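**Student:** I am attaching a structure below and will ask some questions about it afterwards.
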Amino acid sequence: MCGRYTFTSPEEAARAIFGYVSPPLNLRPNYNVAPTHDVPIVRNRADGKREMVQMRWGLIPFWAKDEKIGYSTINARVEAVESKPAFRAAFKARRCLVVADGFYEWKKLDAKTKQPYRITLKDGKPFGFAGLWETWKNKDGEKIESCTIITGEPNELVAKIHDRMAVILPPEKFDAWLSGAAGKEILTPFPASKMRAYEVDLRVGNVRNNDAALLEPLKS
């Protein structure tokens, strides 16, 4: 599962990696991204070039009667992404990259205690989660665009913390994913050798906490 993550990098750093051509969004750093937040994603435009836009995290299928379904669709399991009704149409035609520079997972220490970790690339650069997006209209005709993050098996690093991991795609796989040229065989664990994990403060568990101190390694 991926229920919290971060995107605090300058947009210029994201543009260099994702190669989108759309204007800057003037994003503020988000140290504790949570479901229902508007988040930056990268997708292909009709002309084949990439754009960055913001969408609600928690995918609302086009056929949904109520937007509340988005609370249960923040993640799409890779094992079911082609077959589950909430995701299968988007998997065929509406793929994206959810822009991040770190994510949080909680390691169970005992029956009552979990320790949060922040996990990043070793070079600290932004990266893209494999994602899907959808457009939904409410009864008033308001259009809401929303997204989900795909999860799969963890690599060796994350397996010590959690039994699931958000799928991170390296830049050389961006085109194949966004264009639909590749299937779910592309959704494999990112190399553990290129990542690092460290303990962070329990404050990250409260969505109201959203400050740079959350990124700091826990002091022993």
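Identifiers for the structure tokens are assigned positionally: chains receive A, B, ... in sequence, residues are indexed from 1 per chain, and ligands are indexed from 1 in the order shown.
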With the cut-off set at 9 Å and counting only C-alpha atoms, tabulate each residue of range 31-142 of chain A with an atom at most that distance from an atom of range 168-179 of chain A, showing the nearest atom pair and its distance in Å to one decimal, ordered by chain and increasing number, as JSON lines.
**Tutor:**
{"residue": "A:Val42", "atom": "CA", "partner": "A:Leu178", "partner_atom": "CA", "distance": 8.9}
{"residue": "A:Arg43", "atom": "CA", "partner": "A:Leu178", "partner_atom": "CA", "distance": 6.5}
{"residue": "A:Asn44", "atom": "CA", "partner": "A:Leu178", "partner_atom": "CA", "distance": 6.4}
{"residue": "A:Gly48", "atom": "CA", "partner": "A:Ser179", "partner_atom": "CA", "distance": 8.2}
{"residue": "A:Ala93", "atom": "CA", "partner": "A:Ser179", "partner_atom": "CA", "distance": 8.4}
{"residue": "A:Arg94", "atom": "CA", "partner": "A:Leu178", "partner_atom": "CA", "distance": 8.0}
{"residue": "A:Arg95", "atom": "CA", "partner": "A:Leu178", "partner_atom": "CA", "distance": 5.5}
{"residue": "A:Cys96", "atom": "CA", "partner": "A:Leu178", "partner_atom": "CA", "distance": 6.0}
{"residue": "A:Leu97", "atom": "CA", "partner": "A:Leu178", "partner_atom": "CA", "distance": 7.8}
{"residue": "A:Phe127", "atom": "CA", "partner": "A:Ile168", "partner_atom": "CA", "distance": 7.1}
{"residue": "A:Gly128", "atom": "CA", "partner": "A:Ile168", "partner_atom": "CA", "distance": 5.7}
{"residue": "A:Phe129", "atom": "CA", "partner": "A:Ile168", "partner_atom": "CA", "distance": 4.5}
{"residue": "A:Ala130", "atom": "CA", "partner": "A:Ile168", "partner_atom": "CA", "distance": 6.0}
**Student:** Export N, CA and C atoms of the chosen residues as a compact mmCIF listing (two decimals), in the first residue's frame?
**Tutor:**
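Final file, result-v8.txt:
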# COMPACT_ATOMS: atom_id res chain seq x y z
N VAL A 42 1.81 13.38 -14.48
CA VAL A 42 2.23 13.60 -15.85
C VAL A 42 1.52 12.58 -16.74
N ARG A 43 0.97 13.07 -17.84
CA ARG A 43 0.27 12.19 -18.78
C ARG A 43 0.56 12.68 -20.21
N ASN A 44 0.20 11.86 -21.18
CA ASN A 44 0.34 12.25 -22.58
C ASN A 44 -0.85 13.09 -23.02
N GLY A 48 0.66 13.69 -28.20
CA GLY A 48 1.74 12.80 -27.82
C GLY A 48 2.77 13.40 -26.90
N ALA A 93 -6.47 2.97 -21.39
CA ALA A 93 -6.43 4.23 -22.14
C ALA A 93 -6.00 5.47 -21.36
N ARG A 94 -5.91 5.40 -20.03
CA ARG A 94 -5.63 6.61 -19.25
C ARG A 94 -4.57 6.34 -18.20
N ARG A 95 -3.35 6.31 -18.64
CA ARG A 95 -2.23 6.05 -17.75
C ARG A 95 -1.50 7.35 -17.42
N CYS A 96 -0.83 7.34 -16.29
CA CYS A 96 -0.10 8.54 -15.89
C CYS A 96 1.09 8.16 -15.01
N LEU A 97 1.86 9.17 -14.66
CA LEU A 97 2.94 9.06 -13.69
C LEU A 97 2.63 10.02 -12.56
N PHE A 127 10.71 11.17 -8.81
CA PHE A 127 10.46 9.94 -9.56
C PHE A 127 8.97 9.81 -9.83
N GLY A 128 8.62 8.84 -10.65
CA GLY A 128 7.22 8.67 -11.01
C GLY A 128 6.65 7.33 -10.59
N PHE A 129 5.57 7.37 -9.83
CA PHE A 129 4.79 6.16 -9.57
C PHE A 129 3.96 5.84 -10.81
N ALA A 130 3.85 4.58 -11.16
CA ALA A 130 2.91 4.20 -12.21
C ALA A 130 1.50 4.46 -11.71
**Student:** Within 9 Å of Val204 in chain A, counting only C-alpha atoms, which residues qualify if same-chain residues fewer than 4 places away don't, as a count of residues only?
**Tutor:** 10
**Student:** Please report, as a VMD selection string, each residue of range 27-114 of chain A to which DSSP assigns strand (DSSP E) when run on this structure's backbone.
**Tutor:** chain A and resid 30 to 33 38 to 44 50 to 57 75 to 77 95 to 100 102 to 108 114
**Student:** If I take CA of Gly102 in chain A and CA of Tyr5 in chain A, how far is one from the other in Å, to one decimal?
**Tutor:**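 The value is 5.7 Å.
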**Student:** Which is closest to Asp47 in chain A among A:Val21, A:Ile144, A:Leu202, A:Ala159, if we use only C-alpha atoms?
**Tutor:** A:Val21
**Student:** Please identify the helix (DSSP H, G or I) residues within range 2-216 of chain A (assignment by DSSP from backbone atoms) and present them as a compact mmCIF listing (two decimals) with N, CA and C atoms, in the first residue's frame.
**Tutor:**
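Saved to selection01.txt:
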# COMPACT_ATOMS: atom_id res chain seq x y z
N GLU A 11 9.96 22.45 -9.31
CA GLU A 11 9.34 21.96 -10.55
C GLU A 11 10.37 21.77 -11.66
N GLU A 12 11.42 22.57 -11.64
CA GLU A 12 12.45 22.43 -12.67
C GLU A 12 13.09 21.05 -12.63
N ALA A 13 13.24 20.52 -11.42
CA ALA A 13 13.82 19.18 -11.28
C ALA A 13 12.88 18.13 -11.84
N ALA A 14 11.58 18.30 -11.64
CA ALA A 14 10.61 17.36 -12.18
C ALA A 14 10.56 17.46 -13.71
N ARG A 15 10.58 18.67 -14.22
CA ARG A 15 10.53 18.85 -15.68
C ARG A 15 11.71 18.17 -16.36
N ALA A 16 12.88 18.26 -15.74
CA ALA A 16 14.08 17.65 -16.32
C ALA A 16 13.95 16.14 -16.42
N ILE A 17 13.24 15.53 -15.49
CA ILE A 17 13.09 14.08 -15.47
C ILE A 17 11.91 13.61 -16.32
N PHE A 18 10.79 14.32 -16.22
CA PHE A 18 9.56 13.86 -16.88
C PHE A 18 9.37 14.43 -18.28
N GLU A 67 -18.70 10.15 -5.38
CA GLU A 67 -17.25 10.36 -5.36
C GLU A 67 -16.56 9.72 -4.17
N LYS A 68 -17.33 9.27 -3.18
CA LYS A 68 -16.73 8.66 -1.99
C LYS A 68 -15.97 7.37 -2.31
N ILE A 69 -16.24 6.77 -3.46
CA ILE A 69 -15.50 5.57 -3.84
C ILE A 69 -14.00 5.85 -3.90
N GLY A 70 -13.64 7.13 -4.11
CA GLY A 70 -12.24 7.49 -4.22
C GLY A 70 -11.42 7.22 -2.97
N TYR A 71 -12.09 7.13 -1.81
CA TYR A 71 -11.37 6.84 -0.57
C TYR A 71 -10.80 5.41 -0.58
N SER A 72 -11.42 4.52 -1.34
CA SER A 72 -10.98 3.12 -1.37
C SER A 72 -10.19 2.78 -2.63
N VAL A 78 -1.42 -4.30 -8.75
CA VAL A 78 -0.99 -4.69 -10.09
C VAL A 78 -1.62 -6.01 -10.51
N GLU A 79 -1.90 -6.88 -9.55
CA GLU A 79 -2.46 -8.18 -9.87
C GLU A 79 -3.86 -8.09 -10.47
N ALA A 80 -4.57 -6.99 -10.16
CA ALA A 80 -5.97 -6.86 -10.60
C ALA A 80 -6.22 -5.65 -11.48
N ARG A 88 -9.93 -1.08 -14.94
CA ARG A 88 -9.59 -1.71 -16.22
C ARG A 88 -9.71 -0.76 -17.42
N ALA A 89 -10.69 0.14 -17.42
CA ALA A 89 -10.80 1.07 -18.54
C ALA A 89 -9.64 2.05 -18.55
N ALA A 90 -9.27 2.55 -17.37
CA ALA A 90 -8.15 3.48 -17.28
C ALA A 90 -6.83 2.80 -17.65
N PHE A 91 -6.69 1.54 -17.29
CA PHE A 91 -5.47 0.81 -17.63
C PHE A 91 -5.27 0.74 -19.14
N LYS A 92 -6.36 0.65 -19.87
CA LYS A 92 -6.27 0.55 -21.32
C LYS A 92 -5.99 1.90 -21.98
N ALA A 93 -6.47 2.97 -21.39
CA ALA A 93 -6.43 4.23 -22.14
C ALA A 93 -6.00 5.47 -21.36
N VAL A 158 12.30 -2.40 0.79
CA VAL A 158 10.97 -2.13 1.32
C VAL A 158 10.36 -3.36 1.99
N ALA A 159 10.74 -4.55 1.56
CA ALA A 159 10.21 -5.78 2.15
C ALA A 159 10.50 -5.88 3.64
N LYS A 160 11.54 -5.20 4.10
CA LYS A 160 11.87 -5.21 5.52
C LYS A 160 10.92 -4.32 6.32
N PRO A 171 12.86 6.42 -15.86
CA PRO A 171 12.55 7.25 -17.03
C PRO A 171 12.56 6.51 -18.36
N GLU A 172 13.39 5.49 -18.48
CA GLU A 172 13.44 4.78 -19.76
C GLU A 172 12.16 3.97 -20.04
N LYS A 173 11.30 3.83 -19.04
CA LYS A 173 10.03 3.13 -19.23
C LYS A 173 8.83 4.07 -19.34
N PHE A 174 9.06 5.36 -19.22
CA PHE A 174 7.95 6.32 -19.25
C PHE A 174 7.14 6.22 -20.54
N ASP A 175 7.82 6.24 -21.69
CA ASP A 175 7.11 6.22 -22.97
C ASP A 175 6.26 4.97 -23.13
N ALA A 176 6.82 3.83 -22.80
CA ALA A 176 6.10 2.56 -22.96
C ALA A 176 4.86 2.52 -22.08
N TRP A 177 4.99 3.08 -20.87
CA TRP A 177 3.84 3.08 -19.95
C TRP A 177 2.77 4.06 -20.40
N LEU A 178 3.15 5.30 -20.63
CA LEU A 178 2.18 6.34 -20.95
C LEU A 178 1.46 6.08 -22.27
N SER A 179 2.17 5.52 -23.23
CA SER A 179 1.58 5.29 -24.55
C SER A 179 0.68 4.06 -24.60
N LYS A 184 1.19 -4.90 -18.09
CA LYS A 184 1.57 -4.85 -16.69
C LYS A 184 2.90 -5.55 -16.41
N GLU A 185 3.48 -6.20 -17.42
CA GLU A 185 4.80 -6.80 -17.24
C GLU A 185 5.86 -5.75 -16.94
N ILE A 186 5.57 -4.50 -17.26
CA ILE A 186 6.51 -3.41 -17.00
C ILE A 186 6.49 -2.98 -15.53
N ALA A 192 16.33 -2.03 -5.39
CA ALA A 192 16.61 -1.61 -4.02
C ALA A 192 17.95 -0.90 -3.90
N SER A 193 18.89 -1.25 -4.77
CA SER A 193 20.24 -0.67 -4.71
C SER A 193 20.23 0.83 -4.99
N LYS A 194 19.15 1.34 -5.59
CA LYS A 194 19.07 2.76 -5.93
C LYS A 194 18.22 3.55 -4.94
N LEU A 202 6.89 10.14 14.35
CA LEU A 202 5.52 9.65 14.35
C LEU A 202 4.52 10.71 13.93
N ARG A 203 4.92 11.97 13.95
CA ARG A 203 4.02 13.05 13.55
C ARG A 203 3.47 12.89 12.14
N VAL A 204 4.19 12.15 11.30
CA VAL A 204 3.73 11.99 9.93
C VAL A 204 2.40 11.25 9.86
N GLY A 205 2.05 10.54 10.91
CA GLY A 205 0.80 9.80 10.93
C GLY A 205 -0.43 10.68 10.98
N ALA A 212 8.50 20.71 6.85
CA ALA A 212 9.78 20.15 6.43
C ALA A 212 10.42 19.23 7.47
N ALA A 213 10.08 19.42 8.74
CA ALA A 213 10.66 18.59 9.79
C ALA A 213 10.28 17.12 9.63
N LEU A 214 9.19 16.85 8.91
CA LEU A 214 8.77 15.46 8.71
C LEU A 214 9.79 14.68 7.89
N LEU A 215 10.59 15.37 7.10
CA LEU A 215 11.57 14.71 6.24
C LEU A 215 12.85 14.34 6.98
**Student:** For the atom pair CA of Tyr117 in chain A and CA of Met1 in chain A, what is the interatomic distance in Å to one decimal place?
**Tutor:**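 For CA of Tyr117 in chain A relative to CA of Met1 in chain A, the distance reads 13.5 Å.
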**Student:** How many Å lie between CA of Pro217 in chain A and CA of Val39 in chain A, rounded to one decimal?
**Tutor:**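 One can read the CA of Pro217 in chain A to CA of Val39 in chain A distance as 24.4 Å.
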**Student:** Let me make sure I understand: among A:Glu134, A:Glu105, A:Asp123, A:Asp163, which one has the smallest atom-to-atom distance to Cys2 in chain A if we use only C-alpha atoms?
**Tutor:**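 Distance minimum relative to Cys2 in chain A lands on A:Glu105.
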**Student:** My list of candidates is A:Gly131, A:Pro61, A:Pro10, A:Pro154. Which is closest to Asp101 in chain A when distances are computed with only C-alpha atoms?
**Tutor:**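 Under the stated criterion, the closest residue is A:Pro10.
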**Student:** Fewer than 6 positions away in the same chain doesn't count, so skip those; otherwise give me all residues within 9 Å of Glu216 in chain A, counting only C-alpha atoms, as a PDB file with N, CA and C atoms, in the first residue's frame.
**Tutor:**
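The resulting file, part_28.pdb, is shown below:
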ATOM      1  N   TYR A 198      14.773   5.536   5.843  1.00  0.00           N
ATOM      2  CA  TYR A 198      15.185   5.966   7.180  1.00  0.00           C
ATOM      3  C   TYR A 198      13.957   6.273   8.025  1.00  0.00           C
ATOM      4  N   GLU A 199      14.111   6.112   9.325  1.00  0.00           N
ATOM      5  CA  GLU A 199      13.011   6.341  10.260  1.00  0.00           C
ATOM      6  C   GLU A 199      12.702   7.833  10.363  1.00  0.00           C
ATOM      7  N   VAL A 200      11.410   8.146  10.470  1.00  0.00           N
ATOM      8  CA  VAL A 200      10.982   9.534  10.654  1.00  0.00           C
ATOM      9  C   VAL A 200      10.035   9.616  11.847  1.00  0.00           C
ATOM     10  N   ASP A 201       9.708  10.839  12.214  1.00  0.00           N
ATOM     11  CA  ASP A 201       8.903  11.084  13.404  1.00  0.00           C
ATOM     12  C   ASP A 201       7.476  10.569  13.242  1.00  0.00           C
TER      13      ASP A 201
END
**Student:** Check the smallest atom-to-atom distance from each of A:Ser146, A:Val81, A:Pro29, A:Gly124 to Gly183 in chain A using only C-alpha atoms, then report the winner.
**Tutor:** A:Val81
